[in-house]
>>> print(open('target_0.txt').read())   # compact mmCIF, N, CA and C atoms
# COMPACT_ATOMS: atom_id res chain seq x y z
N MET V 39 22.86 139.75 148.89
CA MET V 39 23.56 139.85 150.15
C MET V 39 24.30 138.55 150.40
N TYR V 40 25.42 138.65 151.11
CA TYR V 40 26.20 137.46 151.46
C TYR V 40 25.81 137.07 152.88
N LEU V 41 25.51 135.80 153.08
CA LEU V 41 24.98 135.32 154.35
C LEU V 41 25.82 134.17 154.88
N LEU V 42 26.09 134.22 156.17
CA LEU V 42 26.79 133.15 156.88
C LEU V 42 25.91 132.77 158.06
N ILE V 43 25.57 131.48 158.15
CA ILE V 43 24.72 131.00 159.25
C ILE V 43 25.47 129.92 160.02
N VAL V 44 25.48 130.08 161.33
CA VAL V 44 26.12 129.13 162.24
C VAL V 44 25.07 128.70 163.25
N TYR V 45 24.97 127.40 163.50
CA TYR V 45 23.96 126.97 164.47
C TYR V 45 24.50 125.89 165.40
N ASP V 46 23.87 125.82 166.56
CA ASP V 46 24.16 124.81 167.57
C ASP V 46 22.81 124.28 168.02
N THR V 47 22.57 122.99 167.81
CA THR V 47 21.26 122.43 168.12
C THR V 47 21.40 120.98 168.54
N ASP V 48 20.28 120.41 169.00
CA ASP V 48 20.27 118.99 169.35
C ASP V 48 20.59 118.13 168.14
N ARG V 49 21.17 116.99 168.39
CA ARG V 49 21.52 116.06 167.32
C ARG V 49 20.30 115.70 166.47
N LYS V 50 19.14 115.55 167.09
CA LYS V 50 17.92 115.18 166.38
C LYS V 50 17.49 116.27 165.38
N ASN V 51 17.83 117.52 165.66
CA ASN V 51 17.41 118.65 164.84
C ASN V 51 18.42 119.01 163.75
N CYS V 52 19.64 118.51 163.86
CA CYS V 52 20.71 118.85 162.91
C CYS V 52 20.35 118.51 161.47
N ALA V 53 19.85 117.33 161.23
CA ALA V 53 19.55 116.89 159.87
C ALA V 53 18.49 117.76 159.22
N LYS V 54 17.49 118.15 160.00
CA LYS V 54 16.41 119.00 159.47
C LYS V 54 16.95 120.37 159.05
N LEU V 55 17.77 121.00 159.91
CA LEU V 55 18.35 122.30 159.57
C LEU V 55 19.31 122.18 158.39
N HIS V 56 20.13 121.16 158.42
CA HIS V 56 21.11 120.93 157.34
C HIS V 56 20.40 120.78 155.99
N LYS V 57 19.39 119.96 155.94
CA LYS V 57 18.67 119.71 154.69
C LYS V 57 18.01 121.00 154.17
N TYR V 58 17.43 121.77 155.06
CA TYR V 58 16.77 123.01 154.64
C TYR V 58 17.80 124.04 154.13
N LEU V 59 18.86 124.24 154.87
CA LEU V 59 19.84 125.27 154.49
C LEU V 59 20.57 124.94 153.19
N LYS V 60 20.72 123.65 152.88
CA LYS V 60 21.40 123.27 151.64
C LYS V 60 20.62 123.73 150.40
N ARG V 61 19.35 124.04 150.54
CA ARG V 61 18.55 124.54 149.42
C ARG V 61 19.04 125.92 148.95
N TYR V 62 19.55 126.71 149.89
CA TYR V 62 19.89 128.10 149.60
C TYR V 62 21.38 128.42 149.69
N LEU V 63 22.10 127.69 150.53
CA LEU V 63 23.48 128.06 150.84
C LEU V 63 24.43 126.88 150.64
N ASN V 64 25.70 127.19 150.64
CA ASN V 64 26.74 126.16 150.53
C ASN V 64 27.11 125.69 151.93
N TRP V 65 27.19 124.39 152.09
CA TRP V 65 27.59 123.80 153.36
C TRP V 65 29.09 123.95 153.48
N ASN V 66 29.56 124.59 154.53
CA ASN V 66 30.98 124.83 154.73
C ASN V 66 31.59 123.78 155.63
N GLN V 67 31.06 123.62 156.80
CA GLN V 67 31.49 122.57 157.72
C GLN V 67 30.41 122.36 158.76
N ARG V 68 30.32 121.18 159.27
CA ARG V 68 29.30 120.73 160.22
C ARG V 68 28.07 121.62 160.31
N SER V 69 28.08 122.68 161.08
CA SER V 69 26.89 123.52 161.25
C SER V 69 27.13 124.95 160.75
N VAL V 70 27.83 125.07 159.64
CA VAL V 70 28.14 126.37 159.05
C VAL V 70 27.74 126.36 157.57
N PHE V 71 26.94 127.35 157.19
CA PHE V 71 26.51 127.52 155.80
C PHE V 71 26.78 128.94 155.37
N GLU V 72 27.10 129.12 154.07
CA GLU V 72 27.34 130.46 153.58
C GLU V 72 27.01 130.56 152.10
N GLY V 73 26.74 131.78 151.65
CA GLY V 73 26.46 132.00 150.25
C GLY V 73 25.69 133.29 150.02
N THR V 74 25.36 133.54 148.78
CA THR V 74 24.65 134.75 148.38
C THR V 74 23.16 134.46 148.24
N VAL V 75 22.34 135.30 148.84
CA VAL V 75 20.88 135.17 148.77
C VAL V 75 20.28 136.56 148.54
N THR V 76 19.03 136.58 148.13
CA THR V 76 18.31 137.84 148.00
C THR V 76 17.75 138.23 149.37
N GLU V 77 17.29 139.45 149.48
CA GLU V 77 16.68 139.92 150.73
C GLU V 77 15.45 139.08 151.06
N ALA V 78 14.65 138.76 150.05
CA ALA V 78 13.45 137.94 150.26
C ALA V 78 13.82 136.54 150.73
N GLN V 79 14.85 135.95 150.15
CA GLN V 79 15.30 134.62 150.57
C GLN V 79 15.80 134.66 152.01
N TYR V 80 16.52 135.71 152.36
CA TYR V 80 17.02 135.86 153.72
C TYR V 80 15.87 135.88 154.73
N ARG V 81 14.84 136.67 154.45
CA ARG V 81 13.68 136.71 155.35
C ARG V 81 13.00 135.35 155.44
N LYS V 82 12.86 134.67 154.31
CA LYS V 82 12.23 133.35 154.29
C LYS V 82 13.06 132.34 155.10
N ILE V 83 14.38 132.36 154.92
CA ILE V 83 15.27 131.46 155.66
C ILE V 83 15.14 131.70 157.16
N LYS V 84 15.21 132.96 157.59
CA LYS V 84 15.09 133.27 159.02
C LYS V 84 13.76 132.80 159.58
N ASN V 85 12.69 133.06 158.87
CA ASN V 85 11.35 132.67 159.33
C ASN V 85 11.22 131.15 159.44
N THR V 86 11.68 130.45 158.41
CA THR V 86 11.57 128.99 158.41
C THR V 86 12.43 128.37 159.51
N ILE V 87 13.65 128.85 159.65
CA ILE V 87 14.53 128.31 160.70
C ILE V 87 13.92 128.55 162.08
N ASP V 88 13.31 129.70 162.27
CA ASP V 88 12.68 129.97 163.57
C ASP V 88 11.58 128.96 163.87
N HIS V 89 10.92 128.44 162.84
CA HIS V 89 9.86 127.45 163.04
C HIS V 89 10.36 126.02 163.16
N ILE V 90 11.46 125.68 162.49
CA ILE V 90 11.90 124.27 162.51
C ILE V 90 13.01 123.98 163.51
N ARG V 91 13.59 125.01 164.09
CA ARG V 91 14.70 124.77 165.02
C ARG V 91 14.18 124.24 166.35
N ALA V 92 15.03 123.51 167.06
CA ALA V 92 14.69 123.02 168.39
C ALA V 92 14.63 124.19 169.37
N ASP V 93 13.84 124.07 170.42
CA ASP V 93 13.67 125.16 171.38
C ASP V 93 14.97 125.60 172.03
N ASN V 94 15.86 124.67 172.27
CA ASN V 94 17.10 125.02 172.97
C ASN V 94 18.27 125.25 172.00
N SER V 95 17.97 125.48 170.74
CA SER V 95 19.04 125.71 169.76
C SER V 95 19.44 127.18 169.72
N HIS V 96 20.59 127.41 169.09
CA HIS V 96 21.12 128.76 168.94
C HIS V 96 21.56 128.92 167.49
N VAL V 97 21.03 129.94 166.81
CA VAL V 97 21.35 130.19 165.41
C VAL V 97 21.86 131.62 165.29
N VAL V 98 22.99 131.81 164.61
CA VAL V 98 23.56 133.13 164.41
C VAL V 98 23.61 133.42 162.91
N PHE V 99 23.10 134.58 162.51
CA PHE V 99 23.11 135.02 161.13
C PHE V 99 24.10 136.17 160.99
N TYR V 100 25.06 136.03 160.10
CA TYR V 100 25.98 137.11 159.75
C TYR V 100 25.65 137.50 158.31
N SER V 101 25.38 138.77 158.07
CA SER V 101 25.08 139.19 156.71
C SER V 101 25.88 140.43 156.36
N MET V 102 26.21 140.53 155.08
CA MET V 102 26.91 141.71 154.58
C MET V 102 26.39 142.01 153.18
N GLU V 103 26.58 143.22 152.74
CA GLU V 103 26.03 143.64 151.46
C GLU V 103 26.47 142.75 150.31
N ASN V 104 27.72 142.35 150.29
CA ASN V 104 28.22 141.44 149.25
C ASN V 104 29.48 140.75 149.74
N ASP V 105 29.90 139.74 149.00
CA ASP V 105 31.07 138.97 149.43
C ASP V 105 32.38 139.71 149.21
N LYS V 106 32.36 140.86 148.56
CA LYS V 106 33.57 141.65 148.34
C LYS V 106 34.08 142.24 149.65
N LEU V 107 33.20 142.39 150.63
CA LEU V 107 33.57 142.95 151.93
C LEU V 107 34.12 141.88 152.88
N LEU V 108 34.13 140.66 152.45
CA LEU V 108 34.52 139.54 153.29
C LEU V 108 35.95 139.11 153.02
N ASN V 109 36.74 139.03 154.04
CA ASN V 109 38.07 138.47 153.94
C ASN V 109 38.01 137.09 154.58
N ARG V 110 38.21 136.05 153.79
CA ARG V 110 38.05 134.67 154.27
C ARG V 110 39.35 133.91 154.11
N GLU V 111 39.80 133.30 155.19
CA GLU V 111 41.01 132.48 155.16
C GLU V 111 40.70 131.16 155.84
N GLU V 112 41.34 130.11 155.39
CA GLU V 112 41.13 128.79 155.97
C GLU V 112 42.45 128.12 156.28
N LEU V 113 42.43 127.31 157.31
CA LEU V 113 43.55 126.43 157.64
C LEU V 113 42.99 125.02 157.72
N GLY V 114 43.60 124.06 157.07
CA GLY V 114 43.12 122.70 157.10
C GLY V 114 42.04 122.45 156.07
N GLN V 115 41.57 121.21 156.01
CA GLN V 115 40.57 120.76 155.05
C GLN V 115 39.19 120.77 155.68
N GLY V 116 38.25 121.50 155.10
CA GLY V 116 36.88 121.54 155.60
C GLY V 116 36.10 120.32 155.15
N GLU V 117 34.94 120.10 155.75
CA GLU V 117 34.11 118.95 155.42
C GLU V 117 33.04 119.27 154.39
N GLY V 118 32.65 120.51 154.27
CA GLY V 118 31.54 120.89 153.41
C GLY V 118 31.94 121.03 151.96
N ASN V 119 30.98 121.46 151.16
CA ASN V 119 31.18 121.67 149.73
C ASN V 119 31.33 123.15 149.47
N THR V 120 32.52 123.61 149.23
CA THR V 120 32.76 125.02 148.95
C THR V 120 33.34 125.20 147.56
N SER V 121 33.10 124.26 146.68
CA SER V 121 33.70 124.27 145.35
C SER V 121 33.29 125.49 144.53
N ASN V 122 32.10 126.04 144.78
CA ASN V 122 31.67 127.18 143.99
C ASN V 122 31.86 128.50 144.72
N ILE V 123 32.61 128.50 145.81
CA ILE V 123 32.95 129.73 146.52
C ILE V 123 34.35 130.13 146.10
N LEU V 124 34.49 131.37 145.70
CA LEU V 124 35.80 131.86 145.25
C LEU V 124 36.65 132.28 146.39
>>> encode(input="target_0.txt", output="structure tokens")
Amino acid sequence: MYLLIVYDTDRKNCAKLHKYLKRYLNWNQRSVFEGTVTEAQYRKIKNTIDHIRADNSHVVFYSMENDKLLNREELGQGEGNTSNIL
């Protein structure tokens, strides 16, 4: 499955979420990660994020069956590493 995660959290919690999500997904920009994961990885990611996120944070998960259903366009230069995203 193709997964896109966007989060808004306290500055103190950003590094923890960023470090964890980099294990599974590609960092796109500041608080945006995307990539292909298995169903089991998706459940594990959601469960772990629910435990490590700050109480007042907001995390949004967008998932689709595969990246073929995704139309992605960009304007400008992003900050993340998307070198392995087609």
>>> atom_distance(input="target_0.txt", atom1="atom CA of Thr86 of chain V", atom2="atom CA of Arg68 of chain V")
19.6 Å
>>> closest_residue(input="target_0.txt", among="V:Gln79, V:Tyr100, V:Gln67, V:Leu113", to="Ile43 of chain V", atoms="all atoms listed in the file")
V:Tyr100
>>> closest_residue(input="target_0.txt", among="V:Ser69, V:His89, V:His96, V:Ser101", to="Ala53 of chain V", atoms="only C-alpha atoms")
V:Ser69
>>> closest_residue(input="target_0.txt", among="V:Glu77, V:Arg49, V:Ile87, V:Asn64", to="Glu103 of chain V", atoms="only C-alpha atoms")
V:Glu77
>>> residues_near_point(input="target_0.txt", point="(22.7, 137.3, 156.9)", cutoff="8 Å", atoms="all atoms listed in the file", output="list in words")
Met39, Tyr40, Leu41, Leu42, Ile43, Tyr80, Val98, Phe99, Tyr100, Ser101 and Met102 of chain V
>>> closest_residue(input="target_0.txt", among="V:Lys82, V:Leu55, V:Asp48, V:Trp65", to="Asn94 of chain V", atoms="all atoms listed in the file")
V:Asp48
>>> atom_distance(input="target_0.txt", atom1="atom CA of Glu72 of chain V", atom2="atom CA of Val44 of chain V")
8.8 Å
>>> residues_around(input="target_0.txt", residues="Ser95 of chain V", least_positions_apart="6", cutoff="8 Å", atoms="only C-alpha atoms", output="ChimeraX atom specification")
/V:45-48
>>> select_by_dssp(input="target_0.txt", residues="chain V", states="strand (DSSP E)", output="MDAnalysis selection string")
chainID V and resid 40:46 64:67 70:74 96:102
>>> select_by_dssp(input="target_0.txt", residues="chain V", states="alpha helix (DSSP H)", output="VMD selection string")
chain V and resid 49 to 59 77 to 90
>>> atom_distance(input="target_0.txt", atom1="atom C of Arg81 of chain V", atom2="atom C of Lys106 of chain V")
22.9 Å
>>> residues_near_point(input="target_0.txt", point="(37.6, 134.2, 156.0)", cutoff="12 Å", atoms="only C-alpha atoms", output="ChimeraX atom specification")
/V:42,66,72,105-113,123-124
>>> axis_aligned_box(input="target_0.txt", around="segment 91-106 of chain V", padding_each_side="8 Å", output="lines of an AutoDock Vina configuration file")
center_x = 23.8
center_y = 133.3
center_z = 160.7
size_x = 36.5
size_y = 36.6
size_z = 40.6
